[in-house]
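Participant: The structure file input-v2.tsv (TSV, C-alpha atoms) is provided below.
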```
chain	number	residue	atom	x	y	z
A	1	MET	CA	78.66	125.19	90.60
A	2	ARG	CA	79.62	125.81	87.01
A	3	ASN	CA	78.31	123.58	84.26
A	4	ILE	CA	81.11	121.66	82.59
A	5	TYR	CA	79.77	122.43	79.13
A	6	ASN	CA	80.30	126.15	79.76
A	7	ASN	CA	83.87	125.52	80.80
A	8	ILE	CA	84.62	123.66	77.61
A	9	MET	CA	83.02	126.22	75.35
A	10	ASP	CA	83.83	129.41	77.25
A	11	LEU	CA	87.36	129.67	78.63
A	12	ARG	CA	87.25	133.31	79.68
A	13	PRO	CA	88.72	134.05	83.15
A	14	ASP	CA	86.28	133.90	86.03
A	15	ASN	CA	87.41	136.30	88.74
A	16	SER	CA	85.07	134.76	91.28
A	17	SER	CA	86.91	131.47	91.32
A	18	PHE	CA	90.31	129.88	91.13
A	19	HIS	CA	91.64	130.33	87.59
A	20	PHE	CA	92.62	127.31	85.52
A	21	SER	CA	95.94	128.98	84.75
A	22	ARG	CA	96.71	128.86	88.45
A	23	ILE	CA	95.94	125.12	88.54
A	24	ALA	CA	98.77	124.52	86.09
A	25	ASP	CA	101.01	126.89	88.03
A	26	THR	CA	100.51	125.14	91.36
A	27	ALA	CA	101.08	121.75	89.74
A	28	GLY	CA	104.34	123.10	88.35
A	29	LEU	CA	105.49	124.11	91.82
A	30	THR	CA	105.29	120.53	93.04
A	31	GLU	CA	108.54	118.59	93.20
A	32	GLY	CA	109.19	116.56	90.08
A	33	TYR	CA	106.84	118.52	87.85
A	34	GLY	CA	109.38	120.54	85.86
A	35	ASN	CA	108.18	118.77	82.72
A	36	HIS	CA	104.54	119.62	83.39
A	37	SER	CA	103.99	121.84	80.33
A	38	ARG	CA	105.79	119.39	78.04
A	39	LEU	CA	103.71	116.51	79.37
A	40	ASN	CA	100.49	118.46	78.92
A	41	SER	CA	101.43	119.34	75.37
A	42	ALA	CA	102.19	115.71	74.55
A	43	ARG	CA	98.91	114.62	76.12
A	44	ARG	CA	96.88	116.70	73.66
A	45	ILE	CA	94.78	118.36	76.35
A	46	SER	CA	91.60	119.75	74.79
A	47	CYS	CA	90.09	121.74	77.68
A	48	PRO	CA	90.86	123.04	81.20
A	49	LEU	CA	88.94	120.16	82.78
A	50	GLU	CA	91.30	117.64	81.20
A	51	GLU	CA	94.27	119.62	82.51
A	52	LEU	CA	92.86	119.37	86.02
A	53	LEU	CA	92.16	115.66	85.63
A	54	TYR	CA	95.71	114.96	84.46
A	55	SER	CA	96.95	116.95	87.45
A	56	ILE	CA	94.93	114.75	89.84
A	57	TYR	CA	96.21	111.64	88.08
A	58	ASP	CA	99.82	112.80	88.44
A	59	PHE	CA	99.32	113.32	92.17
A	60	THR	CA	97.92	109.77	92.51
A	61	VAL	CA	101.05	108.49	90.78
A	62	LYS	CA	103.13	110.38	93.34
A	63	GLN	CA	100.98	108.85	96.12
A	64	ASP	CA	100.30	112.41	97.30
A	65	LYS	CA	96.93	111.97	98.98
A	66	LYS	CA	96.72	115.52	100.30
A	67	ALA	CA	97.34	117.24	96.95
A	68	ALA	CA	95.09	114.78	95.09
A	69	LYS	CA	92.29	115.37	97.60
A	70	GLU	CA	92.58	119.15	97.26
A	71	LYS	CA	92.34	118.95	93.46
A	72	PHE	CA	89.53	116.40	93.59
A	73	THR	CA	87.57	118.52	96.05
A	74	TYR	CA	88.08	121.56	93.83
A	75	LEU	CA	86.84	119.56	90.85
A	76	ASN	CA	83.65	118.51	92.66
A	77	ASP	CA	83.05	122.02	94.00
A	78	GLU	CA	83.55	123.83	90.70
A	79	PHE	CA	81.91	121.57	88.15
A	80	SER	CA	78.52	120.04	87.60
A	81	LEU	CA	79.41	117.03	85.47
A	82	VAL	CA	76.44	116.58	83.17
A	83	LYS	CA	76.99	113.30	81.33
A	84	ASP	CA	75.19	114.23	78.12
A	85	LYS	CA	77.16	117.47	77.74
A	86	ILE	CA	80.67	116.11	78.20
A	87	PRO	CA	82.69	114.66	75.31
A	88	GLN	CA	83.02	110.90	75.82
A	89	GLU	CA	86.81	111.01	76.00
A	90	THR	CA	86.72	113.66	78.72
A	91	LEU	CA	84.06	111.72	80.63
A	92	LEU	CA	86.16	108.56	80.37
A	93	LEU	CA	89.24	110.36	81.66
A	94	TYR	CA	87.19	111.79	84.54
A	95	LEU	CA	85.88	108.35	85.57
A	96	VAL	CA	89.28	106.67	85.26
A	97	VAL	CA	90.98	109.37	87.31
A	98	LYS	CA	88.18	109.14	89.85
A	99	LEU	CA	88.76	105.38	90.15
A	100	LYS	CA	92.51	105.97	90.50
A	101	TYR	CA	91.82	108.47	93.29
A	102	PHE	CA	89.47	106.06	95.11
A	103	ILE	CA	92.18	103.39	94.91
A	104	LEU	CA	94.72	105.85	96.35
A	105	ILE	CA	92.52	106.59	99.37
A	106	ASN	CA	91.40	102.93	99.57
A	107	ASP	CA	87.68	103.73	99.36
A	108	LYS	CA	86.59	100.21	98.37
A	109	LYS	CA	82.86	101.00	98.42
A	110	LEU	CA	83.28	103.17	95.32
A	111	TYR	CA	85.52	100.85	93.29
A	112	ILE	CA	82.80	98.79	91.60
A	113	PRO	CA	80.26	101.58	90.86
A	114	THR	CA	82.99	103.67	89.20
A	115	PHE	CA	84.33	100.67	87.28
A	116	GLU	CA	80.85	99.88	85.97
A	117	GLN	CA	80.53	103.43	84.66
A	118	ILE	CA	83.89	103.12	82.90
A	119	ASN	CA	82.81	99.81	81.40
A	120	GLU	CA	79.85	101.48	79.68
A	121	LEU	CA	82.13	103.74	77.61
A	122	PRO	CA	84.24	102.86	74.56
A	123	THR	CA	88.03	102.89	74.79
A	124	SER	CA	89.53	106.30	74.03
A	125	LEU	CA	91.33	107.01	70.75
A	126	ASN	CA	93.69	109.24	72.72
A	127	LEU	CA	96.68	107.03	73.60
A	128	SER	CA	97.39	108.97	76.81
A	129	ILE	CA	93.88	108.36	78.12
A	130	GLU	CA	93.94	104.73	76.95
A	131	TYR	CA	97.23	104.18	78.78
A	132	ILE	CA	95.89	105.68	82.03
A	133	GLN	CA	92.69	103.63	81.66
A	134	TYR	CA	94.41	100.26	81.28
A	135	LYS	CA	97.02	100.98	83.91
A	136	THR	CA	94.30	101.98	86.38
A	137	LEU	CA	92.18	98.95	85.49
A	138	GLY	CA	95.23	96.76	86.11
A	139	ILE	CA	95.47	98.17	89.63
A	140	PHE	CA	91.69	97.89	90.12
A	141	TYR	CA	91.61	94.22	89.09
A	142	TYR	CA	94.52	93.50	91.43
A	143	ARG	CA	92.74	95.19	94.33
A	144	THR	CA	89.60	93.14	93.61
A	145	ASP	CA	91.50	89.82	93.39
A	146	ASN	CA	91.16	89.30	89.65
A	147	PHE	CA	94.76	88.68	88.72
A	148	VAL	CA	94.04	87.29	85.25
A	149	GLU	CA	92.32	90.51	84.15
A	150	SER	CA	94.98	92.55	85.95
A	151	THR	CA	97.66	90.80	83.91
A	152	LEU	CA	95.85	91.53	80.63
A	153	ALA	CA	95.22	95.19	81.43
A	154	LEU	CA	98.78	95.82	82.57
A	155	ALA	CA	100.20	94.07	79.49
A	156	HIS	CA	98.16	96.46	77.35
A	157	ALA	CA	99.45	99.44	79.31
A	158	LEU	CA	103.03	98.20	78.90
A	159	ASN	CA	102.55	98.00	75.14
A	160	LEU	CA	101.12	101.52	75.05
A	161	LEU	CA	104.08	102.76	77.07
A	162	LYS	CA	106.33	102.04	74.07
A	163	GLU	CA	104.29	104.53	72.01
A	164	LEU	CA	104.28	107.26	74.68
A	165	PRO	CA	107.88	108.48	75.15
A	166	PHE	CA	106.83	111.45	77.30
A	167	ILE	CA	105.58	109.31	80.23
A	168	SER	CA	107.37	110.35	83.43
A	169	GLU	CA	109.81	108.02	85.17
A	170	GLU	CA	107.58	107.88	88.24
A	171	ASP	CA	104.62	106.88	86.08
A	172	LYS	CA	106.66	104.08	84.51
A	173	ALA	CA	107.83	102.95	87.94
A	174	GLU	CA	104.25	102.67	89.19
A	175	LEU	CA	103.35	100.52	86.17
A	176	TYR	CA	106.39	98.28	86.69
A	177	TYR	CA	105.65	98.06	90.43
A	178	GLN	CA	102.04	97.01	89.86
A	179	THR	CA	103.06	94.50	87.19
A	180	ALA	CA	105.55	92.99	89.64
A	181	LEU	CA	102.80	92.68	92.27
A	182	THR	CA	100.38	91.00	89.88
A	183	LYS	CA	103.05	88.62	88.55
A	184	LEU	CA	103.81	87.72	92.16
A	185	LYS	CA	100.20	86.58	92.63
A	186	THR	CA	100.21	84.53	89.41
A	187	SER	CA	103.55	82.88	90.34
A	188	ASP	CA	105.34	84.35	87.32
A	189	THR	CA	108.46	84.69	89.44
A	190	PHE	CA	110.99	85.74	86.80
A	191	ASP	CA	108.71	88.45	85.40
A	192	SER	CA	107.90	89.68	88.89
A	193	ILE	CA	111.59	89.99	89.72
A	194	HIS	CA	112.29	91.76	86.41
A	195	TYR	CA	109.61	94.41	86.91
A	196	ALA	CA	110.33	94.86	90.62
A	197	GLU	CA	113.99	95.51	89.84
A	198	ALA	CA	113.04	97.99	87.09
A	199	ALA	CA	110.71	99.84	89.48
A	200	LEU	CA	113.29	99.77	92.28
A	201	THR	CA	115.96	101.33	90.04
A	202	ILE	CA	113.67	104.25	89.20
A	203	TYR	CA	112.40	104.77	92.75
A	204	GLN	CA	115.93	104.75	94.14
A	205	GLY	CA	116.90	107.37	91.56
A	206	LEU	CA	113.95	109.49	92.68
A	207	TYR	CA	114.80	108.95	96.38
A	208	TYR	CA	111.31	107.55	96.90
A	209	ASN	CA	112.08	105.49	99.99
A	210	LYS	CA	108.65	104.02	100.73
A	211	ARG	CA	108.16	102.54	97.26
A	212	SER	CA	111.80	101.42	97.17
A	213	ALA	CA	111.15	99.44	100.35
A	214	GLU	CA	107.99	97.92	98.89
A	215	CYS	CA	110.00	96.81	95.84
A	216	HIS	CA	112.49	95.16	98.21
A	217	ILE	CA	109.56	93.29	99.79
A	218	ILE	CA	108.35	92.02	96.40
A	219	LEU	CA	111.85	90.87	95.48
A	220	GLY	CA	112.27	89.19	98.86
A	221	ILE	CA	109.00	87.27	98.47
A	222	ASN	CA	110.02	86.06	95.01
A	223	TYR	CA	113.44	84.92	96.20
A	224	ASN	CA	111.86	83.26	99.24
A	225	PHE	CA	109.54	81.25	96.99
A	226	SER	CA	112.56	80.39	94.83
A	227	LYS	CA	114.38	79.17	97.97
A	228	ARG	CA	117.13	81.75	97.55
A	229	PHE	CA	116.85	82.65	101.20
A	230	ASP	CA	120.00	84.75	101.53
A	231	LEU	CA	118.87	87.08	98.75
A	232	ALA	CA	115.36	87.22	100.21
A	233	GLU	CA	116.69	88.11	103.66
A	234	ASN	CA	118.90	90.88	102.24
A	235	HIS	CA	115.89	92.51	100.59
A	236	TYR	CA	113.74	92.22	103.73
A	237	VAL	CA	116.48	93.72	105.87
A	238	SER	CA	116.80	96.61	103.38
A	239	ALA	CA	113.04	97.21	103.62
A	240	LYS	CA	113.16	97.04	107.41
A	241	ASN	CA	116.03	99.53	107.55
A	242	ILE	CA	114.17	101.95	105.28
A	243	GLY	CA	111.04	101.57	107.40
A	244	GLU	CA	112.98	102.38	110.54
A	245	SER	CA	114.73	105.38	108.94
A	246	ILE	CA	111.48	107.00	107.77
A	247	GLN	CA	109.52	105.76	110.83
A	248	ASP	CA	107.06	103.75	108.74
A	249	ARG	CA	105.62	101.01	110.96
A	250	TYR	CA	103.86	99.36	108.04
A	251	LEU	CA	107.14	98.75	106.18
A	252	GLU	CA	108.81	97.46	109.32
A	253	SER	CA	105.94	95.07	110.01
A	254	MET	CA	105.92	93.77	106.42
A	255	ALA	CA	109.66	93.10	106.58
A	256	LEU	CA	109.35	91.30	109.92
A	257	ASN	CA	106.43	89.21	108.68
A	258	ASN	CA	108.39	88.08	105.64
A	259	LEU	CA	111.51	87.37	107.68
A	260	GLY	CA	109.21	85.05	109.61
A	261	LYS	CA	108.29	83.29	106.37
A	262	ILE	CA	111.97	82.65	105.62
A	263	LYS	CA	112.43	81.09	109.06
A	264	SER	CA	109.29	79.02	108.50
A	265	ASN	CA	110.65	77.69	105.20
A	266	LEU	CA	113.90	76.81	106.98
A	267	LYS	CA	111.89	74.93	109.65
A	268	GLU	CA	113.12	77.36	112.30
A	269	SER	CA	109.70	77.66	113.89
A	270	GLU	CA	110.68	79.44	117.10
A	271	GLU	CA	112.27	82.29	115.15
A	272	ALA	CA	109.39	82.37	112.66
A	273	ILE	CA	106.87	82.80	115.47
A	274	PHE	CA	109.05	85.51	117.03
A	275	TYR	CA	109.05	87.53	113.79
A	276	TYR	CA	105.30	87.08	113.25
A	277	LEU	CA	104.56	88.32	116.78
A	278	GLU	CA	106.95	91.28	116.40
A	279	SER	CA	105.20	92.16	113.15
A	280	LEU	CA	101.81	92.05	114.87
A	281	LYS	CA	102.99	94.43	117.57
A	282	LEU	CA	103.54	97.08	114.91
A	283	ARG	CA	100.30	96.40	113.03
A	284	LYS	CA	97.92	96.23	116.00
A	285	ASP	CA	94.40	95.81	114.57
A	286	GLU	CA	95.32	97.02	111.10
A	287	GLU	CA	94.00	95.17	108.03
A	288	ARG	CA	97.31	93.60	107.10
A	289	SER	CA	97.52	91.87	110.49
A	290	VAL	CA	95.92	88.89	108.76
A	291	PHE	CA	99.25	88.14	107.03
A	292	SER	CA	101.09	87.47	110.29
A	293	ILE	CA	98.10	85.79	111.91
A	294	LEU	CA	97.93	83.29	109.04
A	295	GLY	CA	101.66	82.67	109.48
A	296	LEU	CA	101.08	81.87	113.17
A	297	VAL	CA	98.17	79.55	112.30
A	298	GLU	CA	100.35	77.58	109.89
A	299	GLU	CA	103.42	77.52	112.13
A	300	TYR	CA	101.60	76.24	115.21
A	301	TYR	CA	99.81	73.64	113.07
A	302	PHE	CA	103.19	72.49	111.74
A	303	LEU	CA	104.39	72.14	115.37
A	304	ASP	CA	101.22	70.12	116.13
A	305	GLN	CA	100.18	72.75	118.68
A	306	LYS	CA	96.63	72.72	117.42
A	307	GLU	CA	95.06	74.69	120.26
A	308	PHE	CA	97.31	77.68	119.58
A	309	SER	CA	96.73	77.29	115.84
A	310	LYS	CA	92.98	77.24	116.37
A	311	GLU	CA	93.00	80.30	118.63
A	312	TRP	CA	94.89	82.34	116.04
A	313	ALA	CA	92.65	81.07	113.21
A	314	GLU	CA	89.54	82.12	115.12
A	315	GLN	CA	91.04	85.54	115.83
A	316	GLY	CA	92.03	85.92	112.18
A	317	LEU	CA	88.60	84.87	110.95
A	318	CYS	CA	86.87	87.46	113.17
A	319	LEU	CA	89.16	90.19	111.83
A	320	ALA	CA	88.75	89.06	108.20
A	321	LYS	CA	84.95	89.04	108.54
A	322	ARG	CA	84.88	92.45	110.18
A	323	LEU	CA	87.00	93.93	107.40
A	324	CYS	CA	85.24	91.90	104.64
A	325	LEU	CA	88.52	90.30	103.49
A	326	LYS	CA	87.14	87.47	101.35
A	327	GLU	CA	90.51	85.82	100.68
A	328	TYR	CA	91.36	85.58	104.36
A	329	ILE	CA	87.89	84.42	105.35
A	330	LEU	CA	88.59	81.46	103.05
A	331	HIS	CA	92.09	80.90	104.48
A	332	PHE	CA	91.06	80.93	108.12
A	333	THR	CA	87.88	78.91	107.62
A	334	ALA	CA	89.73	76.21	105.68
A	335	HIS	CA	92.44	76.04	108.35
A	336	LEU	CA	89.86	75.77	111.13
A	337	TYR	CA	88.25	72.80	109.34
A	338	LEU	CA	91.73	71.31	108.90
A	339	ILE	CA	92.64	71.77	112.58
A	340	GLU	CA	89.31	70.35	113.73
A	341	GLU	CA	89.60	67.45	111.25
A	342	SER	CA	86.12	68.40	110.11
A	343	ASP	CA	84.37	66.52	107.31
A	344	LYS	CA	83.38	69.97	105.99
A	345	LEU	CA	86.93	70.55	104.72
A	346	GLU	CA	86.55	68.61	101.46
A	347	ASP	CA	83.37	70.37	100.34
A	348	TYR	CA	84.59	73.80	101.42
A	349	VAL	CA	87.92	73.58	99.61
A	350	LEU	CA	86.40	72.01	96.47
A	351	ASN	CA	83.44	74.39	96.15
A	352	GLN	CA	84.60	77.61	97.80
A	353	VAL	CA	88.36	77.89	98.11
A	354	LEU	CA	89.71	76.40	94.89
A	355	PRO	CA	87.15	78.10	92.58
A	356	TYR	CA	87.96	81.46	94.19
A	357	PHE	CA	91.72	81.20	93.70
A	358	LYS	CA	91.45	79.65	90.23
A	359	ARG	CA	89.11	82.43	89.14
A	360	ALA	CA	91.51	85.01	90.54
A	361	GLY	CA	94.45	83.41	88.74
A	362	ASN	CA	96.29	82.92	92.04
A	363	GLU	CA	98.48	79.93	91.16
A	364	ARG	CA	100.27	79.76	94.49
A	365	TYR	CA	97.17	79.34	96.63
A	366	THR	CA	95.54	77.10	94.03
A	367	ASN	CA	98.48	74.72	94.46
A	368	LYS	CA	98.48	75.10	98.24
A	369	TYR	CA	94.85	74.03	98.62
A	370	THR	CA	95.09	71.34	95.94
A	371	GLU	CA	97.93	69.85	98.00
A	372	MET	CA	95.87	70.26	101.20
A	373	LEU	CA	93.07	68.19	99.65
A	374	ALA	CA	95.54	65.59	98.40
A	375	HIS	CA	96.90	65.21	101.93
A	376	TYR	CA	93.34	65.06	103.31
A	377	TYR	CA	92.45	62.21	100.93
A	378	TYR	CA	95.66	60.37	101.76
A	379	GLU	CA	95.00	60.60	105.50
A	380	ASN	CA	91.50	59.24	104.87
A	381	ASN	CA	92.80	56.29	102.80
A	382	GLN	CA	91.38	57.66	99.55
A	383	TYR	CA	94.58	56.97	97.66
A	384	LYS	CA	93.26	57.36	94.12
A	385	LEU	CA	91.93	60.86	94.86
A	386	ALA	CA	95.12	61.71	96.73
A	387	SER	CA	97.20	60.65	93.73
A	388	ASP	CA	95.02	62.69	91.34
A	389	PHE	CA	95.36	65.87	93.41
A	390	TYR	CA	99.10	65.47	93.97
A	391	ASN	CA	99.44	65.02	90.20
A	392	ASP	CA	97.43	68.23	89.63
A	393	CYS	CA	99.94	70.11	91.82
A	394	LEU	CA	102.84	68.65	89.87
A	395	GLN	CA	101.31	69.56	86.51
A	396	ASN	CA	100.65	73.15	87.65
A	397	ILE	CA	104.25	73.55	88.75
A	398	LYS	CA	105.57	72.05	85.49
A	399	ALA	CA	103.35	74.37	83.45
A	400	LYS	CA	104.78	77.41	85.23
A	401	LEU	CA	108.36	76.20	84.76
A	402	ALA	CA	107.69	75.65	81.05
A	403	TYR	CA	106.31	79.19	80.80
```
Translate this structure into structure tokens?
Facilitator:
Amino acid sequence: MRNIYNNIMDLRPDNSSFHFSRIADTAGLTEGYGNHSRLNSARRISCPLEELLYSIYDFTVKQDKKAAKEKFTYLNDEFSLVKDKIPQETLLLYLVVKLKYFILINDKKLYIPTFEQINELPTSLNLSIEYIQYKTLGIFYYRTDNFVESTLALAHALNLLKELPFISEEDKAELYYQTALTKLKTSDTFDSIHYAEAALTIYQGLYYNKRSAECHIILGINYNFSKRFDLAENHYVSAKNIGESIQDRYLESMALNNLGKIKSNLKESEEAIFYYLESLKLRKDEERSVFSILGLVEEYYFLDQKEFSKEWAEQGLCLAKRLCLKEYILHFTAHLYLIEESDKLEDYVLNQVLPYFKRAGNERYTNKYTEMLAHYYYENNQYKLASDFYNDCLQNIKAKLAY
């Protein structure tokens, strides 16, 4: 391994290893990287290591796991990253890109340790690095269910974007896409639609089908919540068609799951259950199966078929625990207490569920479980408490409409 300090101070060719000039060349051969040299110039790259790090970052933006892995492996093989001998800005860029790479490959075990290292360093004075840092932190906070911090980080990245005219269209699209996702969680429907449409326009222009379909899903969910079911269905069908055309079972299953949600909202339970089950067939035991399982739990409960609802809730809880999905452990546990009419429901929702979703900034589920408690109190003749919790729901909705 070569010491990073030597690479910064001594840039002479090393015939025994892959030259840095060739790193730039291979990046330039990749589709969409015709502006590579212009981007690097605008980024004020100070050493070959930074050039490699920007290259890895660009591949994460393109969702190119194979190319990003090759570059990241090369980085680890070629450099001994001695903290005290690396300029702080370069170290910060390295850690941020590393976090972005771990998010790309979904290595959740390494999210927090890398984030903590980033948190120890000051913000860079280089706007390019600062932009990448806040954009990546916005994605990190979203993945760790902290939607308030995600909103703040992404807003900062959006402001920096105005000062960085050389940012690629694909990079902008990823920022808009992530902002749309976060706004979806915080029930900022109009903003979520705005950014999803902006991302969709760019991705369609780049012929990036997978992300285009995911934008259709976001738009469909927003229109579904807004009770504009025809628009929602059109977006889900578009996503489903794209999934079928590129043979992406995940996209197909997401579209089917959300078509089920439309049917559920329309009180067409038989069709809703059909779509949820069709979605599950494509997912098998995959992590996102919990979406459709929760839909089945709620639909069977609505039909007063509590045995079926309970069976699905138990299955969902086992899967959520095995995969350490905190949010869905809360969902399924709360629904089991509800189905069983357990006296544990009140304490669990008050002290576990609501604090979790309030802390995350998830307005939609905060309202859902506030309403669940209100209904629980009403059924138990605690009318004053029921009135208070129903009023809380109303005030939350009014606050969002005012915003």
Participant: Using all atoms listed in the file, which protein or nucleic acid residues come within 9 Å of Glu314 of chain A? Drop anything in the same chain fewer than 6 positions from it, and give the result as a PDB file with C-alpha atoms, in the coordinates of the input.
Facilitator:
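Output (part-v2.pdb):
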```
ATOM      1  CA  PHE A 332      91.060  80.930 108.120  1.00  0.00           C
ATOM      2  CA  THR A 333      87.880  78.910 107.620  1.00  0.00           C
ATOM      3  CA  LEU A 336      89.860  75.770 111.130  1.00  0.00           C
TER       4      LEU A 336
END
```
Participant: Name the closest residue to Ser245 of chain A among the candidates A:Leu164, A:Leu152, A:Leu125, A:Ala213; distances are taken between atoms, counting only C-alpha atoms.
Facilitator: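 Checking each of A:Leu164, A:Leu152, A:Leu125, A:Ala213 against Ser245 of chain A, counting only C-alpha atoms, the winner is A:Ala213.
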Participant: Which polymer residues have any atom within 10 Å of an atom of segment 269-281 of chain A, counting all atoms listed in the file, with same-chain residues fewer than 6 positions away left out, as a PDB file with C-alpha atoms, in the frame of the given file?
Facilitator:
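And here's result.pdb as it stands now:
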```pdb
ATOM      1  CA  ARG A 249     105.620 101.010 110.960  1.00  0.00           C
ATOM      2  CA  TYR A 250     103.860  99.360 108.040  1.00  0.00           C
ATOM      3  CA  LEU A 251     107.140  98.750 106.180  1.00  0.00           C
ATOM      4  CA  GLU A 252     108.810  97.460 109.320  1.00  0.00           C
ATOM      5  CA  SER A 253     105.940  95.070 110.010  1.00  0.00           C
ATOM      6  CA  MET A 254     105.920  93.770 106.420  1.00  0.00           C
ATOM      7  CA  ALA A 255     109.660  93.100 106.580  1.00  0.00           C
ATOM      8  CA  LEU A 256     109.350  91.300 109.920  1.00  0.00           C
ATOM      9  CA  ASN A 257     106.430  89.210 108.680  1.00  0.00           C
ATOM     10  CA  ASN A 258     108.390  88.080 105.640  1.00  0.00           C
ATOM     11  CA  LEU A 259     111.510  87.370 107.680  1.00  0.00           C
ATOM     12  CA  GLY A 260     109.210  85.050 109.610  1.00  0.00           C
ATOM     13  CA  LYS A 261     108.290  83.290 106.370  1.00  0.00           C
ATOM     14  CA  ILE A 262     111.970  82.650 105.620  1.00  0.00           C
ATOM     15  CA  LYS A 263     112.430  81.090 109.060  1.00  0.00           C
ATOM     16  CA  ARG A 288      97.310  93.600 107.100  1.00  0.00           C
ATOM     17  CA  SER A 289      97.520  91.870 110.490  1.00  0.00           C
ATOM     18  CA  VAL A 290      95.920  88.890 108.760  1.00  0.00           C
ATOM     19  CA  PHE A 291      99.250  88.140 107.030  1.00  0.00           C
ATOM     20  CA  SER A 292     101.090  87.470 110.290  1.00  0.00           C
ATOM     21  CA  ILE A 293      98.100  85.790 111.910  1.00  0.00           C
ATOM     22  CA  LEU A 294      97.930  83.290 109.040  1.00  0.00           C
ATOM     23  CA  GLY A 295     101.660  82.670 109.480  1.00  0.00           C
ATOM     24  CA  LEU A 296     101.080  81.870 113.170  1.00  0.00           C
ATOM     25  CA  VAL A 297      98.170  79.550 112.300  1.00  0.00           C
ATOM     26  CA  GLU A 299     103.420  77.520 112.130  1.00  0.00           C
ATOM     27  CA  TYR A 300     101.600  76.240 115.210  1.00  0.00           C
ATOM     28  CA  PHE A 302     103.190  72.490 111.740  1.00  0.00           C
ATOM     29  CA  LEU A 303     104.390  72.140 115.370  1.00  0.00           C
TER      30      LEU A 303
END
```
Participant: Can you work out the spacing between atom CA of Phe115 of chain A and atom CA of Lys210 of chain A in Å, to one decimal?
Facilitator: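 Between atom CA of Phe115 of chain A and atom CA of Lys210 of chain A the gap works out to 28.0 Å.
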Participant: Would you compute the distance between atom CA of Ser309 of chain A and atom CA of Asn265 of chain A? Give it in Å to one decimal.
Facilitator: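 Atom CA of Asn265 of chain A lies 17.5 Å from atom CA of Ser309 of chain A.
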Participant: Work out how far apart atom CA of Ile202 of chain A and atom CA of Leu95 of chain A are and give it in Å to one decimal.
Facilitator: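 Between atom CA of Ile202 of chain A and atom CA of Leu95 of chain A the gap is 28.3 Å.
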Participant: Would you pick out the contacts of Leu110 of chain A at 12 Å or less, using only C-alpha atoms, so that residues sharing its chain but fewer than 2 positions from it are not included, and give the list as number ranges by chain?
Facilitator: A: 95, 98-108, 112-117, 140, 144
Participant: Closest to Thr123 of chain A among A:Thr136, A:Thr186, A:Gln88, A:Ser264, using only C-alpha atoms?
Facilitator: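 Among the listed residues, the smallest separation from Thr123 of chain A belongs to A:Gln88.
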Participant: Might you pull out every residue within 7 Å of segment 342-346 of chain A, with all atoms listed in the file counted and same-chain residues fewer than 5 positions away left off, and present them as a PyMOL selection string?
Facilitator: chain A and resi 334+337+373
